[in-house]
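Novice: Following this message is one structure expressed as structure tokens.
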Amino acid sequence: QVHLAESGGGSVEGGGSLRRACTISVEMSSFCMGWFRQVPGSERVGVAGIDSDGNTVYADPVKGRFTIPLETTKKTLKLQMNSLKPEDTAMYYCAADGYRPVSMVVAVNGRNGFGYWGQGTQVTVSS
């Protein structure tokens, strides 16, 4: 059984930074992992992802501001969020599954490609 436990997040003023982490209960030798976010009344969308080959992908709204740090391992997924904006306010979730193209993270309905999810943590950015 694969479990994902999230940490980090919280509240910050616009322009600030936050770091998220997601610990996976088993080591996945071949994987795709991603971060998704959701606001009430909207779909859950992907913002950043990484696969076991080290390929990364970022959604356009977060490019240049969000990064998956190099210390992301096969059991820990991290997300560094810089220059945060009020529109980044959302519930953030980590997700993981077996190997698939990392582009799936930011694809339309990409969330449907992942079977393992963290519990979600609220990130609030004030103006």
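For the structure tokens, the naming scheme is as follows: chains receive sequential letters (A, B, ...) according to their order of presentation, residues are indexed from 1 within each chain, and ligands are indexed from 1 in presentation order.
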Using only C-alpha atoms, what does the table of stretch 35-104 of chain A residues within 9 Å of stretch 2-19 of chain A look like, with each row giving the shortest atom pair and its distance in Å to one decimal, sorted by chain and ascending number, as a Markdown table?
Specialist:
| residue | atom | partner | partner_atom | distance |
| --- | --- | --- | --- | --- |
| A:Lys78 | CA | A:Arg19 | CA | 7.2 |
| A:Leu79 | CA | A:Arg19 | CA | 5.6 |
| A:Gln80 | CA | A:Arg19 | CA | 4.6 |
| A:Met81 | CA | A:Leu18 | CA | 5.2 |
| A:Asn82 | CA | A:Ser17 | CA | 4.4 |
| A:Ser83 | CA | A:Gly15 | CA | 4.2 |
| A:Leu84 | CA | A:Gly15 | CA | 4.9 |
| A:Lys85 | CA | A:Gly14 | CA | 5.0 |
| A:Pro86 | CA | A:Gly14 | CA | 6.2 |
| A:Thr89 | CA | A:Ser11 | CA | 8.9 |
| A:Tyr92 | CA | A:Gly9 | CA | 8.3 |
| A:Tyr93 | CA | A:Glu6 | CA | 7.9 |
| A:Cys94 | CA | A:Glu6 | CA | 7.3 |
| A:Ala95 | CA | A:Leu4 | CA | 7.6 |
| A:Ala96 | CA | A:Leu4 | CA | 8.2 |
Novice: List every residue of chain A that DSSP, applied to the backbone of this structure, places in strand (DSSP E or B), and write the result as a PyMOL selection string.
Specialist: chain A and resi 4-8+10-13+18-24+31-38+45-51+56-58+66-67+76-81+90-98+116-117+121-126
Novice: Go ahead and save the picked residues with C-alpha atoms, as a PDB file, in the first residue's frame.
Specialist:
ATOM      1  CA  LEU A   4       1.702   9.924   0.785  1.00  0.00           C
ATOM      2  CA  ALA A   5       2.114  12.253   3.759  1.00  0.00           C
ATOM      3  CA  GLU A   6       2.402  15.970   3.133  1.00  0.00           C
ATOM      4  CA  SER A   7       4.049  18.693   5.182  1.00  0.00           C
ATOM      5  CA  GLY A   8       4.758  22.379   4.799  1.00  0.00           C
ATOM      6  CA  GLY A  10       0.517  27.505   5.396  1.00  0.00           C
ATOM      7  CA  SER A  11       0.051  31.240   4.983  1.00  0.00           C
ATOM      8  CA  VAL A  12       2.376  33.882   3.603  1.00  0.00           C
ATOM      9  CA  GLU A  13       2.232  37.411   2.272  1.00  0.00           C
ATOM     10  CA  LEU A  18       6.924  28.365   1.048  1.00  0.00           C
ATOM     11  CA  ARG A  19       8.257  24.854   0.734  1.00  0.00           C
ATOM     12  CA  ARG A  20       6.179  21.721   0.553  1.00  0.00           C
ATOM     13  CA  ALA A  21       7.268  18.143   1.095  1.00  0.00           C
ATOM     14  CA  CYS A  22       5.575  14.819   0.440  1.00  0.00           C
ATOM     15  CA  THR A  23       6.921  11.592   1.902  1.00  0.00           C
ATOM     16  CA  ILE A  24       6.040   8.384   0.119  1.00  0.00           C
ATOM     17  CA  PHE A  31       7.655   6.771 -11.114  1.00  0.00           C
ATOM     18  CA  CYS A  32       5.972   9.996 -11.962  1.00  0.00           C
ATOM     19  CA  MET A  33       5.181  12.393  -9.127  1.00  0.00           C
ATOM     20  CA  GLY A  34       3.446  15.711  -9.171  1.00  0.00           C
ATOM     21  CA  TRP A  35       1.917  18.603  -7.305  1.00  0.00           C
ATOM     22  CA  PHE A  36      -1.652  19.630  -7.985  1.00  0.00           C
ATOM     23  CA  ARG A  37      -3.806  22.411  -6.641  1.00  0.00           C
ATOM     24  CA  GLN A  38      -7.495  23.050  -6.363  1.00  0.00           C
ATOM     25  CA  VAL A  45      -4.900  20.977 -11.874  1.00  0.00           C
ATOM     26  CA  GLY A  46      -1.251  20.052 -12.046  1.00  0.00           C
ATOM     27  CA  VAL A  47       1.414  22.651 -11.324  1.00  0.00           C
ATOM     28  CA  ALA A  48       4.714  20.727 -11.274  1.00  0.00           C
ATOM     29  CA  GLY A  49       5.947  17.216 -11.831  1.00  0.00           C
ATOM     30  CA  ILE A  50       9.004  15.004 -12.010  1.00  0.00           C
ATOM     31  CA  ASP A  51       9.646  11.511 -13.291  1.00  0.00           C
ATOM     32  CA  THR A  56      10.412  18.040 -14.842  1.00  0.00           C
ATOM     33  CA  VAL A  57       7.403  19.984 -16.022  1.00  0.00           C
ATOM     34  CA  TYR A  58       5.760  23.162 -14.776  1.00  0.00           C
ATOM     35  CA  PHE A  66       7.973  27.070  -8.498  1.00  0.00           C
ATOM     36  CA  THR A  67      10.674  24.417  -8.637  1.00  0.00           C
ATOM     37  CA  THR A  76      10.359  12.412  -1.012  1.00  0.00           C
ATOM     38  CA  LEU A  77       8.778  14.913  -3.342  1.00  0.00           C
ATOM     39  CA  LYS A  78       9.388  18.584  -2.604  1.00  0.00           C
ATOM     40  CA  LEU A  79       8.122  21.839  -4.041  1.00  0.00           C
ATOM     41  CA  GLN A  80       9.777  25.221  -3.569  1.00  0.00           C
ATOM     42  CA  MET A  81       7.316  28.054  -4.138  1.00  0.00           C
ATOM     43  CA  ALA A  90      -5.385  26.818  -3.107  1.00  0.00           C
ATOM     44  CA  MET A  91      -5.402  23.381  -1.560  1.00  0.00           C
ATOM     45  CA  TYR A  92      -2.229  21.656  -2.716  1.00  0.00           C
ATOM     46  CA  TYR A  93      -1.911  17.898  -3.169  1.00  0.00           C
ATOM     47  CA  CYS A  94       0.977  15.629  -4.014  1.00  0.00           C
ATOM     48  CA  ALA A  95       0.402  12.615  -6.222  1.00  0.00           C
ATOM     49  CA  ALA A  96       2.414   9.653  -7.408  1.00  0.00           C
ATOM     50  CA  ASP A  97       2.113   6.590  -9.576  1.00  0.00           C
ATOM     51  CA  GLY A  98       4.158   4.316 -11.787  1.00  0.00           C
ATOM     52  CA  TYR A 116      -1.917   7.771  -5.021  1.00  0.00           C
ATOM     53  CA  TRP A 117      -2.624  11.086  -3.309  1.00  0.00           C
ATOM     54  CA  THR A 121      -2.654  21.157   2.590  1.00  0.00           C
ATOM     55  CA  GLN A 122      -3.990  24.681   2.294  1.00  0.00           C
ATOM     56  CA  VAL A 123      -1.680  27.394   0.990  1.00  0.00           C
ATOM     57  CA  THR A 124      -2.934  30.947   1.485  1.00  0.00           C
ATOM     58  CA  VAL A 125      -1.213  33.978   0.004  1.00  0.00           C
ATOM     59  CA  SER A 126      -2.389  37.381   1.182  1.00  0.00           C
TER      60      SER A 126
END
Novice: Here is a test: counting only C-alpha atoms, which residue of A:Gly115, A:Val106, A:Pro101, A:Val39 is nearest to A:Pro61?
Specialist: A:Val106
Novice: Please identify the helix (DSSP H, G or I) residues within chain A (assignment by DSSP from backbone atoms) and present them as a list in words.
Specialist: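 Put together, the selection reads Asp60, Pro61, Val62, Pro86, Glu87, Asp88, Val102, Ser103, Met104, Val105, Val106, Gly110, Arg111, Asn112 and Gly113 of chain A.
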Novice: Restricting it to C-alpha atoms, dump the selection as a PDB file, in the first residue's frame.
Specialist:
ATOM      1  CA  ASP A  60       2.643  28.139 -17.224  1.00  0.00           C
ATOM      2  CA  PRO A  61       1.238  30.104 -14.238  1.00  0.00           C
ATOM      3  CA  VAL A  62       4.089  28.899 -11.982  1.00  0.00           C
ATOM      4  CA  PRO A  86      -2.687  35.679  -4.071  1.00  0.00           C
ATOM      5  CA  GLU A  87      -3.862  33.639  -7.067  1.00  0.00           C
ATOM      6  CA  ASP A  88      -1.641  30.781  -5.853  1.00  0.00           C
ATOM      7  CA  VAL A 102       5.794  13.746 -16.856  1.00  0.00           C
ATOM      8  CA  SER A 103       3.798  15.974 -19.199  1.00  0.00           C
ATOM      9  CA  MET A 104       0.711  14.199 -17.878  1.00  0.00           C
ATOM     10  CA  VAL A 105       0.971  16.222 -14.670  1.00  0.00           C
ATOM     11  CA  VAL A 106       0.023  19.459 -16.432  1.00  0.00           C
ATOM     12  CA  GLY A 110      -3.931  14.921 -15.734  1.00  0.00           C
ATOM     13  CA  ARG A 111      -5.117  14.185 -12.213  1.00  0.00           C
ATOM     14  CA  ASN A 112      -6.887  11.102 -13.584  1.00  0.00           C
ATOM     15  CA  GLY A 113      -3.514   9.507 -14.282  1.00  0.00           C
TER      16      GLY A 113
END
Novice: Can you work out the spacing between atom CA of A:Gly54 and atom CA of A:Arg100 in Å, to one decimal?
Specialist: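 Calculated distance between atom CA of A:Gly54 and atom CA of A:Arg100 is 12.4 Å.
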Novice: So the first atom is atom CA of A:Ser29 and the second is atom CA of A:Asn109; what is the distance between them in Å, to one decimal place?
Specialist: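 Taking atom CA of A:Ser29 and atom CA of A:Asn109, their separation equals 24.9 Å.
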Novice: Using atom CA of A:Val26 and atom CA of A:Gln119 as the two end points, give the distance in Å to one decimal.
Specialist: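 Distance reported for this atom pair: 16.6 Å.
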Novice: Nearest to A:Lys75 among A:Ser25, A:Gln1, A:Ser127, A:Asn55, with distances taken over only C-alpha atoms: which residue is it?
Specialist: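 Smallest separation from A:Lys75 among the options: A:Ser25.
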